[in-house]
Amino acid sequence: MQDFVLITEDIKNIISNDFFIGLILLSGVYFTIRLVFPQFRFAKQLKWALSDNAGSKDDGISPFQAFITALGARVGVGNVAGIASAIATGGPGAIFWIWVFGIFGSAISFLEGVLGQAYKLKDGDEFLGGAAWYIWRGFKNKKLSKAIGLLFAVIAVVSFGILMPGVQSNTVVNSIHQGFGADKTITIVVAAVFIALIIWGGIKSIGKIEAILTPIKCVAYLAFAAIVISYYGEYLGETFEAIITSAFGINAVFGGIVGQAITMGVRRGIYSTDVAYGPGGTFAAAARCDHPVKQGILQALSVLLSTLLICTATALMVIQTGAGQIVAPNGDVLYSGPSFPGTAAGAEWVQAALKSVPILEAWAPQVLAVMIAIFAVGTIIGFYYIIENNLRFIMGKTNKGAIFITKLVFLAALVISAVVDSSFIWNTADIGMGMLGWINIICLLFLSPKAVAIVKDFTREVKAKEKPKFVPEKYGIDDATGAWKN
């Protein structure tokens, strides 16, 4: 198995290299400036964006369900185990660069949401869209753009179906085993059956489940984090000092790993937010909506909530309580905290942070195990919708047989990856993200002028106190299926 880990490590370093990380971050800065800070300046339109007043109630899912599905998919194991792994190799400064990526990355997600909505198609009572769709429909050379869209869709099906879900299922199995002593095989089989019941209901079923699970998991996690952070409140100032100083290489202990802080911060920021590799556009397109900017606003918000709240909560718990160990690239241990559980970076570090608080000590493992399971389920069912959406792009129509087989393969991948080495799982996830990210971010750079034009018209209409109206033909978009008819 170790040989496979090393092979995937090499592939990951080629695909998700430092140039790729820099490209994603700089693209976020570019889109933020080009679109004039859309992640912040449309805050007043947030309530309006969540309103459900477009088209038939039977078409697609509501704007709120699209938002909550995107947030549910983004708030997953990456916000817990992923943040721990970022701190393990990048030090406290990694969370600062996750914040930076979250702020600028939300502009990328805004763009994905706008384009996902603008280029969506209607299929029965559902809307289909996302990166493969706006790549195909957004460029003039349709043969080339269809080929690129197909390439993206194939990689998306493989990545979200096989390469990436393992992070979620692997962490769930280990957490439930740690918390309750449950057999790992039984745990993943039960989880797979539960997930199967949800995904067999399609996007509307997924939207309804996410609307229940996501608020519960976010509020519960933040509540427990608040208990830990408050208990160690006297160290809060020192924690932020360590974060800032190590982020810029001026910390006496962590100054030598500032490069790792930036790289791991952005890398784990990408995974914990689903930014830059396409999911935002897919979830946005599923909603009935009367203007693309509405979903852009909501997609950006989901990224900000994921990074600035959930990721921050994890980082503060681990750093304040000393529940981690930070290792330099050469293997030297730079820091080993008093609550360090002696395990590899992952959910166990957060578990150790919870256990260090007396009132939580007795049941911390069980609490975290349940929260991790809820986190992972939300992400996994979001992954499945992305798979089916891209499969329908590949097939050109709804093929029930292909979808059935895909569901079985997806569930099998969840079961198998649950017991595979965690390093191998994280490497395959990074490979999947990297392949999708390269295609998506380059296409977004070329398609951004169209989004700029849509946003400018929206802004002008809002300032004139008119109700913004999206007319796809105005932007050269063919509404062939009547997705914008109402």
# chains A, B, ... in the order shown; residues from 1 in each chain; ligands from 1
call {"tool": "residues_around", "arguments": {"residues": "Ile319 (chain A)", "least_positions_apart": "5", "cutoff": "8 Å", "atoms": "only C-alpha atoms", "output": "JSON, numbers by chain"}}
result
{"A": [92, 239, 324]}
call {"tool": "write_last_selection", "arguments": {"atoms": "N, CA and C atoms", "output": "PDB file, in the first residue's frame"}}
result
ATOM      1  N   PRO A  92       0.312  27.133  12.555  1.00  0.00           N
ATOM      2  CA  PRO A  92      -0.870  27.973  12.795  1.00  0.00           C
ATOM      3  C   PRO A  92      -1.159  28.934  11.646  1.00  0.00           C
ATOM      4  N   THR A 239      -3.068  32.794  20.576  1.00  0.00           N
ATOM      5  CA  THR A 239      -3.407  31.970  19.412  1.00  0.00           C
ATOM      6  C   THR A 239      -3.405  32.802  18.138  1.00  0.00           C
ATOM      7  N   GLY A 324      -2.371  19.350  18.733  1.00  0.00           N
ATOM      8  CA  GLY A 324      -1.727  18.909  17.505  1.00  0.00           C
ATOM      9  C   GLY A 324      -0.218  18.832  17.617  1.00  0.00           C
TER      10      GLY A 324
END
call {"tool": "residues_around", "arguments": {"residues": "region 287-304 of chain A", "least_positions_apart": "3", "cutoff": "6 Å", "atoms": "only C-alpha atoms", "output": "number ranges by chain"}}
result
A: 39, 49, 54, 60-63, 66-67, 71, 102, 106, 109-110, 113-114, 117-118, 273, 284, 307-308, 470
call {"tool": "residues_around", "arguments": {"residues": "Ile212 (chain A)", "least_positions_apart": "4", "cutoff": "10 Å", "atoms": "only C-alpha atoms", "output": "ChimeraX atom specification"}}
result
/A:65,68,72,207-208,216-217,378
call {"tool": "select_by_dssp", "arguments": {"residues": "region 61-181 of chain A", "states": "strand (DSSP E)", "output": "PyMOL selection string"}}
result
chain A and resi 121-123+126-128
call {"tool": "write_last_selection", "arguments": {"atoms": "N, CA, C and O atoms", "output": "PDB file, in the first residue's frame"}}
result
ATOM      1  N   LEU A 121     -29.917  24.492 -18.455  1.00  0.00           N
ATOM      2  CA  LEU A 121     -30.934  23.951 -19.355  1.00  0.00           C
ATOM      3  C   LEU A 121     -32.012  23.277 -18.516  1.00  0.00           C
ATOM      4  O   LEU A 121     -31.762  22.861 -17.377  1.00  0.00           O
ATOM      5  N   LYS A 122     -33.189  23.156 -19.090  1.00  0.00           N
ATOM      6  CA  LYS A 122     -34.285  22.508 -18.381  1.00  0.00           C
ATOM      7  C   LYS A 122     -34.501  21.104 -18.933  1.00  0.00           C
ATOM      8  O   LYS A 122     -34.521  20.901 -20.146  1.00  0.00           O
ATOM      9  N   ASP A 123     -34.649  20.144 -18.025  1.00  0.00           N
ATOM     10  CA  ASP A 123     -34.909  18.762 -18.404  1.00  0.00           C
ATOM     11  C   ASP A 123     -36.084  18.271 -17.554  1.00  0.00           C
ATOM     12  O   ASP A 123     -35.911  17.916 -16.389  1.00  0.00           O
ATOM     13  N   GLU A 126     -36.544  19.552 -13.847  1.00  0.00           N
ATOM     14  CA  GLU A 126     -35.241  19.823 -13.244  1.00  0.00           C
ATOM     15  C   GLU A 126     -34.423  20.763 -14.126  1.00  0.00           C
ATOM     16  O   GLU A 126     -34.639  20.835 -15.339  1.00  0.00           O
ATOM     17  N   PHE A 127     -33.487  21.463 -13.493  1.00  0.00           N
ATOM     18  CA  PHE A 127     -32.547  22.306 -14.224  1.00  0.00           C
ATOM     19  C   PHE A 127     -31.169  21.659 -14.149  1.00  0.00           C
ATOM     20  O   PHE A 127     -30.754  21.178 -13.090  1.00  0.00           O
ATOM     21  N   LEU A 128     -30.472  21.643 -15.267  1.00  0.00           N
ATOM     22  CA  LEU A 128     -29.130  21.074 -15.332  1.00  0.00           C
ATOM     23  C   LEU A 128     -28.129  22.163 -15.700  1.00  0.00           C
ATOM     24  O   LEU A 128     -28.400  23.007 -16.547  1.00  0.00           O
TER      25      LEU A 128
END
call {"tool": "closest_residue", "arguments": {"among": "A:Ala315, A:Val172, A:Ala107, A:Val253", "to": "Met371 (chain A)", "atoms": "only C-alpha atoms"}}
result
A:Val172
call {"tool": "residues_around", "arguments": {"residues": "Glu473 (chain A)", "least_positions_apart": "6", "cutoff": "12 Å", "atoms": "only C-alpha atoms", "output": "number ranges by chain"}}
result
A: 118-119, 454, 479-480, 482, 484-485
call {"tool": "closest_residue", "arguments": {"among": "A:Phe64, A:Leu411, A:Gly255, A:Ile359", "to": "Leu46 (chain A)", "atoms": "only C-alpha atoms"}}
result
A:Phe64
call {"tool": "residues_around", "arguments": {"residues": "Phe458 (chain A)", "least_positions_apart": "2", "cutoff": "8 Å", "atoms": "only C-alpha atoms", "output": "VMD selection string"}}
result
chain A and resid 293 454 to 456 460 to 462 468 to 469
call {"tool": "atom_distance", "arguments": {"atom1": "CA of Val77 (chain A)", "atom2": "CA of Ala376 (chain A)"}}
result
5.9 Å
call {"tool": "closest_residue", "arguments": {"among": "A:Ala353, A:Ala285, A:Ile188, A:Ala483", "to": "Tyr134 (chain A)", "atoms": "only C-alpha atoms"}}
result
A:Ala285
call {"tool": "closest_residue", "arguments": {"among": "A:Ile310, A:Leu50, A:Ala132, A:Val415", "to": "Ala223 (chain A)", "atoms": "only C-alpha atoms"}}
result
A:Ile310
